[in-house]
Protein chains: 2
Amino acid sequence: MEDTDDDVPLILTWDDANSGLLSEETERGDENGGGGYDIVNNQVIPTPGPPPNYRSHNASLQQSWEMNYQEAAIYLQEGENNDKFFTHPRNPKALAAYLFAHNHLFYMMELLTGLLLMVLSLCEAPAVPSLRLDVYVHATLELLALVMVAFELCMKLRWLGFHTFIRHKRTMVKTCVLLLQFVEAIVVLIRQTSHLRVTRALRPIFLVDCRYCGAVRRNLRQIFQSLPPFIDILLLLLFFMVIFAILGFCLFSPNTSDPYFNTLENSIVSLFVLVTTANFPDVMMPAYSRNRWSCVFFIVYLSIELYFIMNLLLAVVFDTFNGVEKMKFKSLLLHKRSAIDHAFQLLVSRQRPMGVSLKQFDGLMRFYRPRMSSRDRFLTYKALNTAGAPMLSLDDFYKFYEVIGLKWKARRSGEHWFDDLPHTTFLIFKGINLLVKSKAFQYTMCGFSWSRMVPWSYIVFLTIYGVEVLLKITGLGPLAYFSSGWNLFDFSVTVFAFLGLIALAFDMEPFYFIVVLRPLQLLRLFKIKQRYRNVLDTMFELFPRMASLGLTLIIFYYSFAIVGMEFFADVVYPNCCNTSTVADSYRQINVTIGNRTVLDEGYYYLNNFNNILSSFVTLFELTVVNNWYITMEGVTSMTTHWSRLYFMTFYIVTMVVMTIIVAFILDAFVFRMNYSRKNKEPLLDPEDENGIVFEAEVSRDEALATLELYKKTCPGLSSLNSLQGVLLAMDRSGSSSLVYLGRRSRTKSDLSMKMYEEEIQEWYAEYSRENLPQSDRSLVERELDIPPPCHEHES
Amino acid sequence: MEDTDDDVPLILTWDDANSGLLSEETERGDENGGGGYDIVNNQVIPTPGPPPNYRSHNASLQQSWEMNYQEAAIYLQEGENNDKFFTHPRNPKALAAYLFAHNHLFYMMELLTGLLLMVLSLCEAPAVPSLRLDVYVHATLELLALVMVAFELCMKLRWLGFHTFIRHKRTMVKTCVLLLQFVEAIVVLIRQTSHLRVTRALRPIFLVDCRYCGAVRRNLRQIFQSLPPFIDILLLLLFFMVIFAILGFCLFSPNTSDPYFNTLENSIVSLFVLVTTANFPDVMMPAYSRNRWSCVFFIVYLSIELYFIMNLLLAVVFDTFNGVEKMKFKSLLLHKRSAIDHAFQLLVSRQRPMGVSLKQFDGLMRFYRPRMSSRDRFLTYKALNTAGAPMLSLDDFYKFYEVIGLKWKARRSGEHWFDDLPHTTFLIFKGINLLVKSKAFQYTMCGFSWSRMVPWSYIVFLTIYGVEVLLKITGLGPLAYFSSGWNLFDFSVTVFAFLGLIALAFDMEPFYFIVVLRPLQLLRLFKIKQRYRNVLDTMFELFPRMASLGLTLIIFYYSFAIVGMEFFADVVYPNCCNTSTVADSYRQINVTIGNRTVLDEGYYYLNNFNNILSSFVTLFELTVVNNWYITMEGVTSMTTHWSRLYFMTFYIVTMVVMTIIVAFILDAFVFRMNYSRKNKEPLLDPEDENGIVFEAEVSRDEALATLELYKKTCPGLSSLNSLQGVLLAMDRSGSSSLVYLGRRSRTKSDLSMKMYEEEIQEWYAEYSRENLPQSDRSLVERELDIPPPCHEHES
């Protein structure tokens with residue numbers, strides 16, 4: 001609050017108009033390729049030439065500060081999004097492009113373009129019948145979408161500069177794919193017919209590259225990192241497979257009635273399928289019927305491959321995954337710390353290089369979170385400033401990311417949302433609350449939900465639940481209400497119960513609404529039993545991650561579906577595949593058995609690649625693995641033997657992804673259980689689980705001073721309303737200070753912070769050891785106001 | 001060595017002839033039920049009555065010492081085998097029975113009786129055709145075996161005393177089962193025909209109870225401990241299954257061509273089978289062919305049940321398993337410590353209550369390891385006595401179990417087994433050794449093993465390997481050679497290669513010997529690649545545990561096989577089950593398709609319960625899960641719907657066991673990888689992996705003094721040979737002292753010791769805190785020679 005208006009930023013950024021030396025610096029950084037544009041390079045201090053107050057008039061100084069705020073905000077955003085600093089915009093032109101490319105509108109456009117391109121495959125050549133489009137329509141749409149992508153890439157080029165652009169691998173791959181697709185789309189338009197376009201399988205790249213799919217990109221990276229040990233064990237698996245295949249061929253090929261081992265190729269395929277167990281007793285049966293001891297071959301093979309090596313695969317992936325998770329957490333944490341370091345340097349002034357004042361913090365926040373109210377900006381500052389000093393030190397500032405997501409609210413006197421209501425109403429709601437939470441009530445409710453008729457008591461129970469839910473939503477506000485997993489759970493269970501009731505009231509024919517939706521009431525019991533609550537808690541925490549893993553799987557599906565459609569569309573049909581061993585499954589004819597005639601329907605012709613939706617269902621069936629060889633053999637018998645490669649590759653890819661999903665679920669649960677064990681955390685009542693809470697006390701004087709400050713810096717009235725609201729609240733309650741609580745739900749990162757507490761200190765120590773010599777020296781320089789020698793910057 | 005002959009034991013044991021007070025003590029312990037016969041109770045000090053040297057003549061004193069040695073050895077054995085102390089023999093009569101029941105002859109008898117009883121089922125009623133026996137033969141055999149079991153139980157009763165016997169749950173269960181089997185066997189003998197004898201499923205109890213099956217008992221205990229969380233999640237699984245079954249019934253039952261959902265029972269069974277994926281695309285097909293969107297039902301169901309809840313099951317079991325493993329390790333560790341405490345109290349003398357002298361240690365070892373040579377006894381003592389003090393303190397003695405398994409050998413000057421040979425020979429062997437170990441040699445070898453013909457170079461390579469193996473065996477001695485997993489590995493690979501060569505030399509028809517056995521040479525590559533070596537190392541360590549888990553599974557199989565044979569023997573046959581949906585799989589007829597006639601052989605009638613061997617194969621097929629419902633439906637259609645209960649129960653039981661096996665493999669590998677990461681252990685060359693090594697230096701004087709001592713205590717010449725050998729070796733080498741190295745391979749327990757280092761210290765602290773007040777007090781008393789007040793013992 002003791003800010004003077006003539007504070008000069010320690011570092012001036014993007015300043016090409018004034019100060020020759022500074023702009024030289026910037027250019028050098030540009031030529032340098034940006035790789036060195038890190039914390040060391042960033043300590044660019046306006047050296048000998050101009051005096052400390054070389055830009056004396058306030059307007060220009062104000063402008064420099066604004067620019068610094070913006071760059072600091074960009075650094076912090078980069079820290080949050082894990083963007084590498086070498087893509088940091090390095091001059092005002094780049095900044096404009098950066099700002100254009102970094103807002104939700106642009107992200108949305110990216111996402112929609114990516115989605116449009118993927119959805120196009122519904123309408124292209126082997127199209128879903130009802131969605132078929134003419135060639136020129138979908139090709140034009142595709143060209144349009146590709147132009148959009150090209151435009152996005154141009155913006156990126158402008159922002160990154162050519163050198164950084166071509167060094168950024170992901171972007172380069174995207175560019176190449178774009179060019180290819182362009183050429184192909186034009187060829188399609190000219191020929192007015194689709195050719196074999198396997199490259200469409202690369203379309204997900206456009207979706208994956210968009211901002212909102214960061215989690216999918218991380219998953220893909222994690223999958224690739226887990227690959228090397230996976231492949232090692234896979235080779236072991238294949239090695240034994242080949243040895244057993246040769247042995248099996250030698251042992252069983254004399255038996256002519258055994259179709260599984262009659263050639264070496266069949267032998268290998270049979271044993272590959274056997275690893276998935278999909279053909280199990282069948283593959284053994286012909287040999288077993290000849291000689292009972294031949295089962296030993298299969299038992300030994302399955303014991304080695306299925307029960308030992310496959311588990312080994314899981315163990316190795318699980319172990320690697322664990323390590324990768326920890327390393328990822330470490331690098332994210334250190335990247336954030338580095339971003340904070342950068343931002344801090346930009347926010348301190350030459351006069352006071354050791355701290356950030358409220359004015360500067362507020363300037364930063366106006367860029368970082370433009371929608372945040374002035375009250376919340378102030379409260380965030382207070383939450384950071386734990387020592388109560390006039391300025392934020394670097395150590396205070398390191399907590400930035402912990403504090404930034406908090407939702408602020410004045411502390412209520414009680415624990416319930418209805419505590420503020422008048423007394424009588426309060427008592428009623430208190431009663432409902434106690435009733436709904438009581439175990440007796442819940443058990444009775446569950447008991448009633450099983451009876452077929454609708455007793456009035458059931459309606460009464462449900463009404464009570466309904467009232468509770470409605471009141472809670474109005475009391476907390478829908479946003480706050482639905483942000484808690486348990487509230488969402490309560491809500492959906494109650495809504496389902498109501499649906500059941502309504503279905504009954506209207507006497508709707510399908511009585512399953514009642515039979516199915518009522519038992520869902522039993523889900524309420526999960527809140528009572530400790531283990532289920534743990535499981536559901538973990539599930540709520542895992543959900544975003546699970547969703548992104550699901551999306552990753554869908555992207556793999558998409559690529560395989562395109563390839564499948566290009567090669568296998570319309571290949572299988574009823575009564576095809578008569579030459580294969582699985583002809584039965586594709587049969588659709590009348591068969592005479594003895595003297596009865598029945599329709600023998602094999603149905604497997606439905607598992608085809610005739611359009612993208614069918615392909616997805618077929619691929620899901622292949623993922624579940626059971627009987628997948630019937631689909632493989634059917635397609636193979638109608639095409640070439642090489643088709644098997646497609647199915648086997650798909651099996652191995654889904655095996656990788658599935659193993660990682662299993663490892664992920666295992667890891668998450670074991671981590672959480674270890675966490676609660678380590679912290680001896682009494683397992684909390686779901687309602688009391690507050691997540692992360694920060695506290696900030698605001699006195700009337702502070703609030704007034706802040707209001708003054710804000711009025712000076714940004715005189716727009718609307719943004720000050722919230723701060724005036726604080727003063728009004730104080731007047732109403734008659735107290736001279738008010739305590740605010742900032743809450744957010746706990747994330748995996750918070751748990752990791754606590755789990756790796758000791759290691760984190762080591763990482764920090766290591767990190768500052770690496771960065772210390774430079775920052776330490778410049779610190780001393782700053783204090784003594786000695787400009788560093790110029791050649792330091794050249795090296 | 002400064003032992004005097006008139007040392008008096010601090011505690012006198014099993015002494016019913018002298019010392020009234022002592023025998024009173026013993027009796028009290030007996031009445032007390034033995035539960036209190038622990039370390040506290042054990043500090044029974046000969047109080048007021050007789051003077052310290054109340055038995056002055058040496059012979060009787062010697063006899064008391066011998067008894068003490070024996071009891072200490074028994075305590076240490078109990079610690080090693082994890083036998084509870086309340087089964088400790090408490091008087092000379094019990095001791096006789098104890099000794100009778102605790103030797104390998106008796107154990108062998110137990111094992112053989114158990115095996116005989118189990119093997120009998122090969123010859124009983126639904127017998128394996130070639131092994132069928134008459135009813136009176138197998139019933140007589142059974143009676144004989146049961147009499148043996150009864151005899152064993154009598155010995156146990158004698159040793160434990162009636163009170164302890166009936167409090168020992170496992171023994172009581174065994175007695176009940178024995179009585180039942182007796183009655184049934186007699187009934188069979190009288191009726192001369194077997195009745196429905198489901199109780200035969202309990203026979204594995206006799207096998208499990210025998211001494212050598214301790215690991216199986218531990219596995220069973222671990223399975224039961226993992227059950228509660230497993231059941232919780234299983235209920236969740238079943239809950240969703242029922243809800244989806246109702247929904248599926250409502251949605252799909254209108255479709256008359258859908259046999260999977262036409263009744264609610266079928267609906268539940270279909271979805272149960274679907275969790276195992278065994279009927280996957282088929283169960284969806286009829287609905288899918290009607291309406292393509294019905295696949296959503298199945299995808300949602302599988303996502304919830306198979307991909308979420310089943311993984312959850314694994315996570316929960318894995319987590320519980322981890323905890324149980326650690327607790328088991330803790331209790332074993334503390335039990336051993338307690339056993340050592342007991343033994344130590346029995347070995348110290350009244351004159352020197354703080355230490356155990358060599359004479360007493362040697363006395364103990366003569367009972368504990370009667371086969372151990374006098375040299376090894378002495379070296380073990382030296383290894384324990386790290387401080388070089390004249391006596392072993394309690395802290396030294398705590399290392400007892402670490403030292404006891406060591407194999408002693410004089411330290412050789414070099415690292416190779418051939419270092420002792422003359423120089424020329426040495427150089428040749430050194431060359432071979434270097435050659436065989438070189439990567440180039442191994443790669444070349446592997447390259448050659450793929451070519452079809454036998455180049456002479458292949459024979460040359462193989463000869464070199466063969467010579468290496470032969471020389472190593474002769475050099476190290478077969479026992480030492482085969483005790484290393486890697487040597488065993490080398491040996492078998494080389495032998496297989498030779499077999500291939502011989503097969504070729506004799507031009508044997510089945511050329512697969514060459515084709516299969518030669519690729520096995522590739523296994524040598526595993527030694528080169530780090531990850532495989534890790535995997536194989538872990539495998540060698542895991543092997544005993546894996547074997548015991550396999551045995552546990554076989555015991556479950558046996559029980560289920562008996563039940564299956566009793567109910568389903570001869571139920572399925574070719575062309576049965578025409579009323580079921582799986583009739584095709586049991587068909588064995590000529591079928592006309594269009595205008596072709598083919599033999600349609602379903603083979604599934606081979607998966608039956610007609611004798612115990614077929615049952616085992618059938619159960620293995622059920623374990624692999626794929627197509628298990630065909631067997632289930634076939635049997636169900638020929639019997640009642642309740643048969644499904646058998647198959648579903650079996651599925652759930654194997655799921656438990658399999659999940660635990662997976663958890664076990666996961667745990668073992670992750671543990672090992674964590675271990676090598678934590679200890680930054682450079683991953684050792686398999687040949688250099690020494691395991692645990694202790695060192696003991698023996699000087700000539702020591703050896704002479706020890707020889708003197710041994711000559712006095714046990715004048716039998718044969719046992720002294722080994723010690724005289726030490727003196728001879730010293731003479732030969734001309735040095736005045738000789739260093740001996742004791743080695744043993746590293747076990748899981750050693751790894752755990754290092755992993756839980758810190759926790760172990762806590763456990764010990766906690767353990768001694770619990771036992772300290774008493775032991776501390778009595779320590780002081782012993783020093784002051786003040787008898788403790790009698791009532792202390794009564795409380």
# chains A, B, ... in the order shown; residues from 1 in each chain; ligands from 1
$ residues_around --residues "segment 752-768 of chain A" --least-positions-apart "4" --cutoff "8 Å" --atoms "only C-alpha atoms" --output "PyMOL selection string"
chain A and resi 329-330+334+675+748+772
$ interface_residues --of "chain B" --to "chain A" --cutoff "7 Å" --atoms "only C-alpha atoms" --output "list in words"
Ile243, Ile246, Leu247, Cys250, Thr277, Ala278, Phe280, Pro281, Met285, Asn311, Ala315, Asp319, Tyr512, Val516, Val591, Thr592, Ile593, Tyr603, Glu621, Val624, Asn626, Val662, Ile665, Leu666, Phe669 and Val670 of chain B
$ residues_around --residues "segment 71-77 of chain B" --least-positions-apart "2" --cutoff "9 Å" --atoms "only C-alpha atoms" --output "VMD selection string"
chain B and resid 13 to 14 66 to 69 79 to 83 85 88 to 89 95 336 339 to 340 342 to 347 364 to 369 401
$ residues_around --residues "segment 101-106 of chain A" --least-positions-apart "2" --cutoff "9 Å" --atoms "only C-alpha atoms" --output "count of residues only"
13
$ residues_around --residues "Phe182 of chain A" --least-positions-apart "6" --cutoff "9 Å" --atoms "only C-alpha atoms" --output "ChimeraX atom specification"
/A:142-143,146-147
$ write_last_selection --atoms "C-alpha atoms" --output "PDB file, in the first residue's frame"
ATOM      1  CA  GLU A 142     -12.899 -31.277 -45.355  1.00  0.00           C
ATOM      2  CA  LEU A 143     -11.043 -28.609 -47.332  1.00  0.00           C
ATOM      3  CA  LEU A 146      -8.159 -28.039 -43.311  1.00  0.00           C
ATOM      4  CA  VAL A 147      -8.015 -24.355 -44.211  1.00  0.00           C
TER       5      VAL A 147
END
$ atom_distance --atom1 "atom CA of Met632 of chain B" --atom2 "atom CA of Tyr646 of chain B"
8.9 Å
$ select_by_dssp --residues "segment 268-465 of chain A" --states "strand (DSSP E or B)" --output "ChimeraX atom specification"
/A:349,356,392,407-410
$ write_last_selection --atoms "C-alpha atoms" --output "JSON list (two decimals), in the first residue's frame"
[["chain", "number", "residue", "atom", "x", "y", "z"],
["A", 349, "SER", "CA", 10.53, -2.96, -9.07],
["A", 356, "VAL", "CA", 5.66, -7.80, -5.00],
["A", 392, "LEU", "CA", 4.95, -10.71, -1.08],
["A", 407, "LYS", "CA", -13.56, -19.98, -4.21],
["A", 408, "TRP", "CA", -13.96, -17.28, -1.57],
["A", 409, "LYS", "CA", -16.85, -16.96, 0.81],
["A", 410, "ALA", "CA", -17.35, -15.10, 4.08]]
$ closest_residue --among "A:Val317, A:Asn487, A:Ser374, A:Gln62" --to "Asn721 of chain A" --atoms "only C-alpha atoms"
A:Ser374
$ atom_distance --atom1 "atom CA of Phe252 of chain A" --atom2 "atom CA of Leu237 of chain A"
21.5 Å
$ atom_distance --atom1 "atom CA of Leu220 of chain B" --atom2 "atom CA of Leu180 of chain B"
23.0 Å
